[in-house]
Each structure stands twice: as C-alpha cells, then as structure tokens.
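Everything on this sheet refers to the single structure shown next.
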Amino acid sequence: MPVSKTVRDALEGSSMIRRLFEEGAELKKIHSAVFDFSLGNPDLDPPEAFYRTLNELAREKVKGSHGYMSNAGFFETRAALAKKASRDQECEIPASNIIMSAGAAGALNVIFKSILDAGDEVIVPKPYFMEYRSYVSNHGGKIVEVSTKEDFSLDLEKIENAFGGKTKAVLINSPNNPTGSVYPRADMEKLGALLKQRGAKTKNYPYLVADEPYREIVYSGVSVPSVFNAYSEAVVATSFSKSLSLPGERIGYIAVHPGIQNSEETLAALVYATRVLGFVNAPALMQRIVAKLTAERVAVEVYESRRNAFMNVLDSVSMSYARSGGAFYVFAKVPARKDGSSDDREFSACLKKHLILGVPGSGFGAPGWIRFAYCVDENIITGSAPAFRAALAEWTG
C-alpha cells in the first residue's frame, strides 16, 4: 500500500539538515578531516550537576517514580519550572500553567494541536526552522511566511499585512535558528501592540507562540526579552536540549501566560493534546532531574569563542554573514559568481566537494544564504579555513 500523499510530498522536501548529516557520516568513513557544520547537535557535555543528579535519582527506589503521572507532568517539577519561567518571563507564573513536554518540538505540536482548526494560518517570520512547516500542517494549519528586514529583525508592517481572516497565531523563534538573531525588547513590545490592535479590531486575539530553546545561549550581554510582558495571549515552548545539552533526552515544557483568555480551557486542551498525540507525559526521570537543575547551564562562553573563531574564518575568505547574538549558528551570504548567480544549493554542493557541510538557506525560506552550525570542536572550525579558501576559489572562478 502507498504512503499518504501528504507524507510523500513532505518526504520529497525532507530536511536538508538530516540529509547532510547522513552524508557527513558517510564522508567521515572515507576522509580523516570533514568539516561538518550541518546539524545543531550540542557537543558540550551537560553540566556536572546533571550527572550527579542522574546518579542520585537512578539509585533511588521510590514507588511510582517511573510510572504514569498527570499528563501535565509531576507537580513538583512544574512548580520548580514555574519559578524559572517566572524569572525568564518577568511575571508570576503558577505551576498549573506549566505543561511538561517531550522537547520543544513536542511542545509545539501540542500547542498547534490545541489551537488550530483546519485551514487556520500561522504567521512565521523567515528565515525559520524548516520543521515548523510540518508542525503546523500536522494539525491542519498553514504557514504564512513573512520577510524580515535586511538585518533579520522583525518587519512589523509585513506581519500586519499578513493578517487575514484565518490568522490564528504568530510564531517567533528568538534566538533564531538559523540566523542567531535575538529580537530586542522594543520589537517585542511593538509586536505585542500590533497583536492587541488586531484583537481589538476583530474581537479575536491571535496567539503569540514563542519557540525558545536557545534562550540561555546568548552572548556579550545580550538578553532575550519576555514575550509575556509584551502580550497576554502568549504561549512559550522550550526545552533543555541546548541549555543543558540534553537533546536526546527529549525534555521540555510549555509555559502559558497567566492572563491568557479562556485559561482553564486552554490548559485543558494542552493536557489533552499531550495525551492523544502519544506523548502521554514527558519522560519521568528527566522531569525529576531538570527540576533540580533550573540554575544550571552549559558553558556558553565556549560557544561564544567558537562563534568568534568562525567569524574570523569567514572574514579571512571575505564571506559576509549576519552577526549572531545567540544560538550556535552563523548565517552566511552566498558569494556571487562571475555571472552574478548565488544559488545556495549549488554553493552547498561546492563546499561539500571540499568536505565542508553547510545547510542551504532556501530550506529555511532564505535562498542565497547558508547556515553553519558551530557546535563542534574549535579546532574543526579553525582547521576549515584552507578548505573554505579552496572552495571559494573554485566557486568564484
């Protein structure tokens, strides 16, 4: 029997990131030096406190500690994370407004399952993480892409022009994957004001969904402003994949603004969606661990050093890029060939010939750019300079 047409179409445009990652694995079997900047897979070890807590809890024999709990998660964990979310969002968030999730991806699917009807639209500034398309379409929705400004900051006029009768939400990601951009407080306040105006006009306030797994990976005094301060119909999806280097453990949470309309129904919908999507609940052991690690994070200064090293490499070959304020990506402009073309897929193929793996920006809705993930050893970054020079020499002819 054939697979569904929806899935078949999705497979044809499946994640470039994963394809490059698999190609990189094959190249590494052949070559001693491959400069793999394809996948945002944190390579830093979790903080020492994680291992200590893991060992302590693994030795405990507490009845029910590995069984089912409320679909929303252990209350003790939700209470601990409510305190953390309250600090992050600069407002008091009760434990009841925290729903534990299977990572940020699981959180976003739960949110969209809860709020979308067939045909509803979600406005997304581009470039954006390519899996958002599937997360929205999984639940009958449609992504409406809007361009950002030249520096990848929000273009409020374009967001306003994208509003339509089916607009259900605006989805933002700050720090952003793939650009590393961090939307400043002033922009968040303007976006909140725009959403309030829209709601007052239509009597139907759109949701503001913030995907924040990189919130704690920021550099040089940069901070991520509160979306809850800007707008009350806001929901945050986040995880510990980056802040604690635990992507494979699939642990995160949803935080719901305490002033959201229809609060009781919204929270009930999120709990229901967690159950029926098959997550049932977030992993029990990881819930208990992260509850004790709310003040911990990986060594962000290591990522900042790598960012600086990567910028130095690109500067040395005269490639322009967006200076990131957070996350662990450099988004670089594809140099023009003599004929003026700057196809990002062709450039990615050229780089691969020189054993450099970078993801074409067209997969993120930004053709003409390429994303490099620098969550790799700094020696790999500095060692890539000769390969970049050779690739650029071939590319520009």
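Following the order of the structure tokens, chains are lettered A, B, ..., residues in each are numbered from 1, and ligands are numbered from 1.
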
**Asked** Within 9 Å of A:Lys292, counting only C-alpha atoms, which residues qualify if same-chain residues fewer than 4 places away don't, as a ChimeraX atom specification?
**Response** /A:49-50,53,77,80,288,296

Take the residues that were just selected and, keeping N, CA and C atoms, output them as a PDB file, in the first residue's frame.
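Now in out-v7.pdb:
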```
ATOM      1  N   ALA A  49      26.532  18.845  37.427  1.00  0.00           N
ATOM      2  CA  ALA A  49      25.376  18.648  38.308  1.00  0.00           C
ATOM      3  C   ALA A  49      24.364  17.683  37.700  1.00  0.00           C
ATOM      4  N   PHE A  50      24.300  17.622  36.365  1.00  0.00           N
ATOM      5  CA  PHE A  50      23.380  16.682  35.723  1.00  0.00           C
ATOM      6  C   PHE A  50      23.763  15.248  36.059  1.00  0.00           C
ATOM      7  N   THR A  53      23.083  14.423  39.734  1.00  0.00           N
ATOM      8  CA  THR A  53      21.655  14.252  39.996  1.00  0.00           C
ATOM      9  C   THR A  53      21.131  12.972  39.366  1.00  0.00           C
ATOM     10  N   THR A  77       7.862  19.129  39.680  1.00  0.00           N
ATOM     11  CA  THR A  77       8.658  19.630  38.557  1.00  0.00           C
ATOM     12  C   THR A  77       8.035  20.887  37.982  1.00  0.00           C
ATOM     13  N   ALA A  80       8.767  23.819  40.203  1.00  0.00           N
ATOM     14  CA  ALA A  80      10.142  24.295  40.081  1.00  0.00           C
ATOM     15  C   ALA A  80      10.339  25.081  38.786  1.00  0.00           C
ATOM     16  N   ARG A 288      12.243  14.717  36.787  1.00  0.00           N
ATOM     17  CA  ARG A 288      12.757  14.819  38.152  1.00  0.00           C
ATOM     18  C   ARG A 288      14.149  15.452  38.166  1.00  0.00           C
ATOM     19  N   GLU A 296      21.258  25.732  36.392  1.00  0.00           N
ATOM     20  CA  GLU A 296      22.426  25.230  35.668  1.00  0.00           C
ATOM     21  C   GLU A 296      22.308  25.512  34.172  1.00  0.00           C
TER      22      GLU A 296
END
```

**Message:** So that I can see what lies close to A:Val235, please list as a list in words the residues with an atom at most 10 Å from it, counting only C-alpha atoms and leaving out residues fewer than 3 positions away in the same chain.
**Reply:**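 Listed by chain and then number, they are Asn97, Leu108, Ile111, Leu171, Tyr207, Leu208, Val209, Ala210, Asp211, Val227, Phe228, Tyr231, Ser232, Ile254, Ala255, Val256, His257, Pro258 and Ile260 of chain A.
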
Hey, can you spit out that residue selection with C-alpha atoms as an mmCIF file, in the first residue's frame?
```
data_model
loop_
_atom_site.group_PDB
_atom_site.id
_atom_site.type_symbol
_atom_site.label_atom_id
_atom_site.label_comp_id
_atom_site.auth_asym_id
_atom_site.auth_seq_id
_atom_site.Cartn_x
_atom_site.Cartn_y
_atom_site.Cartn_z
ATOM 1 C CA ASN A 97 0.421 26.990 33.732
ATOM 2 C CA LEU A 108 4.978 22.998 19.560
ATOM 3 C CA ILE A 111 0.290 23.787 21.110
ATOM 4 C CA LEU A 171 5.183 32.020 15.697
ATOM 5 C CA TYR A 207 -1.892 33.682 19.861
ATOM 6 C CA LEU A 208 1.776 34.599 20.106
ATOM 7 C CA VAL A 209 3.752 31.345 20.191
ATOM 8 C CA ALA A 210 7.418 31.723 21.160
ATOM 9 C CA ASP A 211 9.865 28.887 20.498
ATOM 10 C CA VAL A 227 7.132 37.786 25.438
ATOM 11 C CA PHE A 228 4.709 37.657 28.371
ATOM 12 C CA TYR A 231 1.263 40.307 25.169
ATOM 13 C CA SER A 232 -1.062 38.210 27.292
ATOM 14 C CA ILE A 254 5.116 24.747 27.749
ATOM 15 C CA ALA A 255 4.516 27.942 29.731
ATOM 16 C CA VAL A 256 1.150 29.687 29.367
ATOM 17 C CA HIS A 257 0.657 33.360 30.191
ATOM 18 C CA PRO A 258 -1.315 33.630 33.449
ATOM 19 C CA ILE A 260 -4.488 34.360 28.764
#
```

**Request:** Go through stretch 172-269 of chain A and collect every residue that DSSP, computed from the backbone, puts in alpha helix (DSSP H); the answer should be as JSON, numbers by chain.
**Result:** {"A": [185, 186, 187, 188, 189, 190, 191, 192, 193, 194, 195, 196, 197, 198, 199, 200, 201, 202, 263, 264, 265, 266, 267, 268, 269]}

Find the residues near A:Ala349: any atom within 12 Å, counting only C-alpha atoms, skip ones fewer than 6 places away on the same chain, and give them as a PDB file with N, CA and C atoms, in the first residue's frame.
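around_1.pdb was written with the following content:
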```
ATOM      1  N   LEU A  20      22.186  16.122   5.009  1.00  0.00           N
ATOM      2  CA  LEU A  20      23.598  16.483   5.072  1.00  0.00           C
ATOM      3  C   LEU A  20      24.303  15.762   6.211  1.00  0.00           C
ATOM      4  N   GLU A  23      25.013  12.339   5.042  1.00  0.00           N
ATOM      5  CA  GLU A  23      26.100  12.380   4.065  1.00  0.00           C
ATOM      6  C   GLU A  23      27.441  12.601   4.764  1.00  0.00           C
ATOM      7  N   ASP A 343      23.342  30.738  -6.105  1.00  0.00           N
ATOM      8  CA  ASP A 343      22.442  29.647  -5.725  1.00  0.00           C
ATOM      9  C   ASP A 343      23.000  28.916  -4.505  1.00  0.00           C
ATOM     10  N   LEU A 355      34.733  19.046   1.470  1.00  0.00           N
ATOM     11  CA  LEU A 355      34.462  18.412   2.763  1.00  0.00           C
ATOM     12  C   LEU A 355      33.934  19.393   3.811  1.00  0.00           C
ATOM     13  N   ILE A 356      33.244  20.438   3.355  1.00  0.00           N
ATOM     14  CA  ILE A 356      32.557  21.372   4.250  1.00  0.00           C
ATOM     15  C   ILE A 356      31.060  21.154   4.088  1.00  0.00           C
ATOM     16  N   LEU A 357      30.361  20.935   5.197  1.00  0.00           N
ATOM     17  CA  LEU A 357      28.919  20.731   5.148  1.00  0.00           C
ATOM     18  C   LEU A 357      28.202  21.904   5.788  1.00  0.00           C
ATOM     19  N   GLY A 358      27.394  22.586   4.980  1.00  0.00           N
ATOM     20  CA  GLY A 358      26.552  23.678   5.450  1.00  0.00           C
ATOM     21  C   GLY A 358      25.180  23.540   4.823  1.00  0.00           C
ATOM     22  N   VAL A 359      24.150  24.032   5.481  1.00  0.00           N
ATOM     23  CA  VAL A 359      22.772  23.813   5.035  1.00  0.00           C
ATOM     24  C   VAL A 359      22.296  25.000   4.190  1.00  0.00           C
ATOM     25  N   PRO A 360      21.821  24.762   2.967  1.00  0.00           N
ATOM     26  CA  PRO A 360      21.322  25.862   2.122  1.00  0.00           C
ATOM     27  C   PRO A 360      20.208  26.646   2.791  1.00  0.00           C
ATOM     28  N   ILE A 370      23.469  30.496   3.611  1.00  0.00           N
ATOM     29  CA  ILE A 370      23.828  29.152   4.040  1.00  0.00           C
ATOM     30  C   ILE A 370      24.090  29.153   5.533  1.00  0.00           C
ATOM     31  N   ALA A 391      37.378  26.235  -1.682  1.00  0.00           N
ATOM     32  CA  ALA A 391      36.003  26.204  -2.176  1.00  0.00           C
ATOM     33  C   ALA A 391      35.626  27.545  -2.807  1.00  0.00           C
ATOM     34  N   GLU A 394      37.257  28.009  -6.200  1.00  0.00           N
ATOM     35  CA  GLU A 394      36.538  27.265  -7.241  1.00  0.00           C
ATOM     36  C   GLU A 394      35.212  27.935  -7.582  1.00  0.00           C
ATOM     37  N   TRP A 395      34.489  28.382  -6.552  1.00  0.00           N
ATOM     38  CA  TRP A 395      33.152  28.954  -6.742  1.00  0.00           C
ATOM     39  C   TRP A 395      33.190  30.245  -7.551  1.00  0.00           C
TER      40      TRP A 395
END
```

**Request:** Identify which of the residues A:Leu267, A:Ile93, A:Met69, A:Ile381 lies closest to A:Phe310, counting only C-alpha atoms when measuring atom-to-atom distances.
**Result:**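 Result for the nearest residue to A:Phe310: A:Ile381.
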
**Prompt:** Between A:Val7, A:Leu244, A:Met100, A:Val376, which is the closest to A:Asp45 once you count only C-alpha atoms?
**Reply:**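 Among the listed residues, A:Leu244 lies closest to A:Asp45.
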
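The space between atom CA of A:Pro335 and atom CA of A:Met319 spans 6.7 Å.
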
**Message:** Just to confirm, what's the straight-line distance from atom CA of A:Glu233 to atom CA of A:Asn173 in Å (one decimal)?
**Reply:** 16.3 Å

**Prompt:** Which residues in stretch 102-321 of chain A does DSSP call strand (DSSP E or B)? List them as JSON, numbers by chain.
**Reply:** {"A": [121, 122, 123, 124, 125, 126, 142, 143, 144, 145, 146, 147, 167, 168, 169, 170, 171, 172, 173, 207, 208, 209, 210, 211, 218, 234, 235, 236, 237, 238, 239, 252, 253, 254, 255, 256, 321]}

Export of prior selection with C-alpha atoms as a PDB file, in the first residue's frame:
```
ATOM      1  CA  GLU A 121      -2.948  30.228   9.403  1.00  0.00           C
ATOM      2  CA  VAL A 122       0.229  30.736  11.433  1.00  0.00           C
ATOM      3  CA  ILE A 123       2.375  33.735  10.501  1.00  0.00           C
ATOM      4  CA  VAL A 124       6.115  32.986  10.663  1.00  0.00           C
ATOM      5  CA  PRO A 125       8.933  35.486  10.028  1.00  0.00           C
ATOM      6  CA  LYS A 126      11.553  34.000   7.724  1.00  0.00           C
ATOM      7  CA  LYS A 142      -0.900  26.554   7.039  1.00  0.00           C
ATOM      8  CA  ILE A 143       2.285  28.587   7.412  1.00  0.00           C
ATOM      9  CA  VAL A 144       2.197  32.153   6.104  1.00  0.00           C
ATOM     10  CA  GLU A 145       5.777  33.334   5.572  1.00  0.00           C
ATOM     11  CA  VAL A 146       6.696  36.983   6.047  1.00  0.00           C
ATOM     12  CA  SER A 147      10.041  38.559   5.261  1.00  0.00           C
ATOM     13  CA  THR A 167      -4.897  34.044  11.195  1.00  0.00           C
ATOM     14  CA  LYS A 168      -4.712  32.060  14.429  1.00  0.00           C
ATOM     15  CA  ALA A 169      -1.172  32.695  15.638  1.00  0.00           C
ATOM     16  CA  VAL A 170       2.201  34.312  15.093  1.00  0.00           C
ATOM     17  CA  LEU A 171       5.183  32.020  15.697  1.00  0.00           C
ATOM     18  CA  ILE A 172       8.558  33.522  16.589  1.00  0.00           C
ATOM     19  CA  ASN A 173      11.924  31.982  17.456  1.00  0.00           C
ATOM     20  CA  TYR A 207      -1.892  33.682  19.861  1.00  0.00           C
ATOM     21  CA  LEU A 208       1.776  34.599  20.106  1.00  0.00           C
ATOM     22  CA  VAL A 209       3.752  31.345  20.191  1.00  0.00           C
ATOM     23  CA  ALA A 210       7.418  31.723  21.160  1.00  0.00           C
ATOM     24  CA  ASP A 211       9.865  28.887  20.498  1.00  0.00           C
ATOM     25  CA  VAL A 218      23.269  34.300  24.251  1.00  0.00           C
ATOM     26  CA  ALA A 234       1.204  34.194  24.648  1.00  0.00           C
ATOM     27  CA  VAL A 235       2.499  30.639  24.983  1.00  0.00           C
ATOM     28  CA  VAL A 236       6.168  29.626  25.231  1.00  0.00           C
ATOM     29  CA  ALA A 237       7.642  26.313  24.059  1.00  0.00           C
ATOM     30  CA  THR A 238      11.113  25.481  25.277  1.00  0.00           C
ATOM     31  CA  SER A 239      13.445  22.629  26.172  1.00  0.00           C
ATOM     32  CA  GLY A 252      10.989  20.498  27.736  1.00  0.00           C
ATOM     33  CA  TYR A 253       7.878  22.381  28.770  1.00  0.00           C
ATOM     34  CA  ILE A 254       5.116  24.747  27.749  1.00  0.00           C
ATOM     35  CA  ALA A 255       4.516  27.942  29.731  1.00  0.00           C
ATOM     36  CA  VAL A 256       1.150  29.687  29.367  1.00  0.00           C
ATOM     37  CA  TYR A 321      27.377  36.958   7.384  1.00  0.00           C
TER      38      TYR A 321
END
```

Long-range neighbours of A:Pro175 as a tab-separated table (two decimals) with N, CA and C atoms, in the first residue's frame, 12 Å cut-off, only C-alpha atoms, 4 positions minimum in chain:
```
chain	number	residue	atom	x	y	z
A	128	TYR	N	13.28	30.65	9.04
A	128	TYR	CA	12.76	29.96	10.21
A	128	TYR	C	13.14	28.49	10.14
A	129	PHE	N	13.09	27.82	11.28
A	129	PHE	CA	13.41	26.39	11.36
A	129	PHE	C	12.44	25.63	10.47
A	152	PHE	N	17.56	40.88	9.57
A	152	PHE	CA	16.75	39.76	10.07
A	152	PHE	C	15.93	40.13	11.32
A	153	SER	N	15.77	41.40	11.58
A	153	SER	CA	14.85	41.82	12.65
A	153	SER	C	13.42	41.79	12.11
A	179	THR	N	19.52	32.20	12.02
A	179	THR	CA	20.34	33.42	11.95
A	179	THR	C	21.08	33.75	13.24
A	180	GLY	N	20.60	33.25	14.39
A	180	GLY	CA	21.17	33.65	15.66
A	180	GLY	C	20.66	35.00	16.14
A	181	SER	N	19.72	35.60	15.41
A	181	SER	CA	19.19	36.91	15.80
A	181	SER	C	18.39	36.82	17.09
A	182	VAL	N	18.51	37.85	17.92
A	182	VAL	CA	17.71	37.97	19.14
A	182	VAL	C	16.85	39.22	18.99
A	183	TYR	N	15.53	39.03	19.00
A	183	TYR	CA	14.64	40.17	18.82
A	183	TYR	C	14.68	41.05	20.07
A	184	PRO	N	14.95	42.34	19.93
A	184	PRO	CA	15.07	43.23	21.09
A	184	PRO	C	13.72	43.51	21.75
A	210	ALA	N	5.98	31.46	21.16
A	210	ALA	CA	7.42	31.72	21.16
A	210	ALA	C	8.17	30.42	21.37
A	211	ASP	N	9.02	30.09	20.42
A	211	ASP	CA	9.86	28.89	20.50
A	211	ASP	C	11.22	29.33	21.05
A	212	GLU	N	11.55	28.91	22.28
A	212	GLU	CA	12.71	29.49	22.98
A	212	GLU	C	13.75	28.47	23.48
A	213	PRO	N	14.09	27.46	22.72
A	213	PRO	CA	15.09	26.51	23.24
A	213	PRO	C	16.49	27.09	23.36
A	214	TYR	N	16.75	28.22	22.68
A	214	TYR	CA	18.08	28.83	22.73
A	214	TYR	C	18.13	30.02	23.69
A	215	ARG	N	17.10	30.22	24.50
A	215	ARG	CA	17.02	31.42	25.34
A	215	ARG	C	18.29	31.66	26.14
A	216	GLU	N	18.92	30.61	26.65
A	216	GLU	CA	20.08	30.78	27.52
A	216	GLU	C	21.41	30.72	26.78
A	217	ILE	N	21.35	30.55	25.45
A	217	ILE	CA	22.58	30.56	24.65
A	217	ILE	C	22.68	31.94	23.98
A	218	VAL	N	23.14	32.93	24.75
A	218	VAL	CA	23.27	34.30	24.25
A	218	VAL	C	24.63	34.85	24.67
A	219	TYR	N	25.09	35.88	23.95
A	219	TYR	CA	26.47	36.34	24.08
A	219	TYR	C	26.59	37.83	24.42
A	222	VAL	N	23.90	40.17	25.68
A	222	VAL	CA	22.59	40.07	25.01
A	222	VAL	C	21.63	39.32	25.92
A	223	SER	N	20.39	39.77	25.98
A	223	SER	CA	19.37	39.07	26.75
A	223	SER	C	18.11	38.92	25.90
A	224	VAL	N	17.35	37.88	26.20
A	224	VAL	CA	16.12	37.61	25.47
A	224	VAL	C	14.96	38.21	26.25
A	225	PRO	N	14.24	39.17	25.67
A	225	PRO	CA	13.15	39.81	26.41
A	225	PRO	C	11.95	38.89	26.61
A	238	THR	N	9.67	25.49	25.07
A	238	THR	CA	11.11	25.48	25.28
A	238	THR	C	11.57	24.09	25.67
A	242	LYS	N	19.41	22.48	24.54
A	242	LYS	CA	20.58	23.32	24.31
A	242	LYS	C	21.19	23.83	25.62
A	324	SER	N	25.57	36.93	14.88
A	324	SER	CA	24.54	36.35	15.75
A	324	SER	C	24.69	36.84	17.18
A	325	GLY	N	23.56	36.98	17.84
A	325	GLY	CA	23.56	37.35	19.26
A	325	GLY	C	23.34	36.15	20.16
A	326	GLY	N	23.00	35.00	19.55
A	326	GLY	CA	22.74	33.81	20.35
A	326	GLY	C	22.62	32.58	19.47
A	327	ALA	N	22.23	31.46	20.09
A	327	ALA	CA	22.19	30.14	19.45
A	327	ALA	C	23.61	29.74	19.06
A	328	PHE	N	23.76	28.78	18.15
A	328	PHE	CA	25.12	28.41	17.73
A	328	PHE	C	25.19	28.19	16.23
A	329	TYR	N	24.75	29.25	15.50
A	329	TYR	CA	24.76	29.20	14.04
A	329	TYR	C	25.34	30.50	13.49
```

**Asked** Can you tell me, as a list in words, what residues are no more than 6 Å from A:Ser245 when counting only C-alpha atoms, ignoring any on the same chain fewer than 2 positions away?
**Response**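 Listed by chain and then number, they are Pro42, Pro46, Ser241, Lys242 and Ser243 of chain A.
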
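For A:Ala95, the non-local neighbours within 7 Å, defined as residues at least 6 positions apart in the same chain or in other chains and counting only C-alpha atoms, are Arg78, Ala79 and Ala82 of chain A.
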
Dump of N, CA and C atoms for the selected residues, as a JSON list (two decimals), in the first residue's frame:
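Saved the output as part.json:
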```json
[["chain", "number", "residue", "atom", "x", "y", "z"],
["A", 78, "ARG", "N", 6.73, 20.87, 37.80],
["A", 78, "ARG", "CA", 6.04, 22.04, 37.25],
["A", 78, "ARG", "C", 6.20, 23.25, 38.17],
["A", 79, "ALA", "N", 6.18, 23.00, 39.48],
["A", 79, "ALA", "CA", 6.36, 24.11, 40.43],
["A", 79, "ALA", "C", 7.77, 24.69, 40.33],
["A", 82, "ALA", "N", 7.99, 26.57, 37.08],
["A", 82, "ALA", "CA", 7.20, 27.80, 37.12],
["A", 82, "ALA", "C", 8.04, 28.94, 37.69]]
```
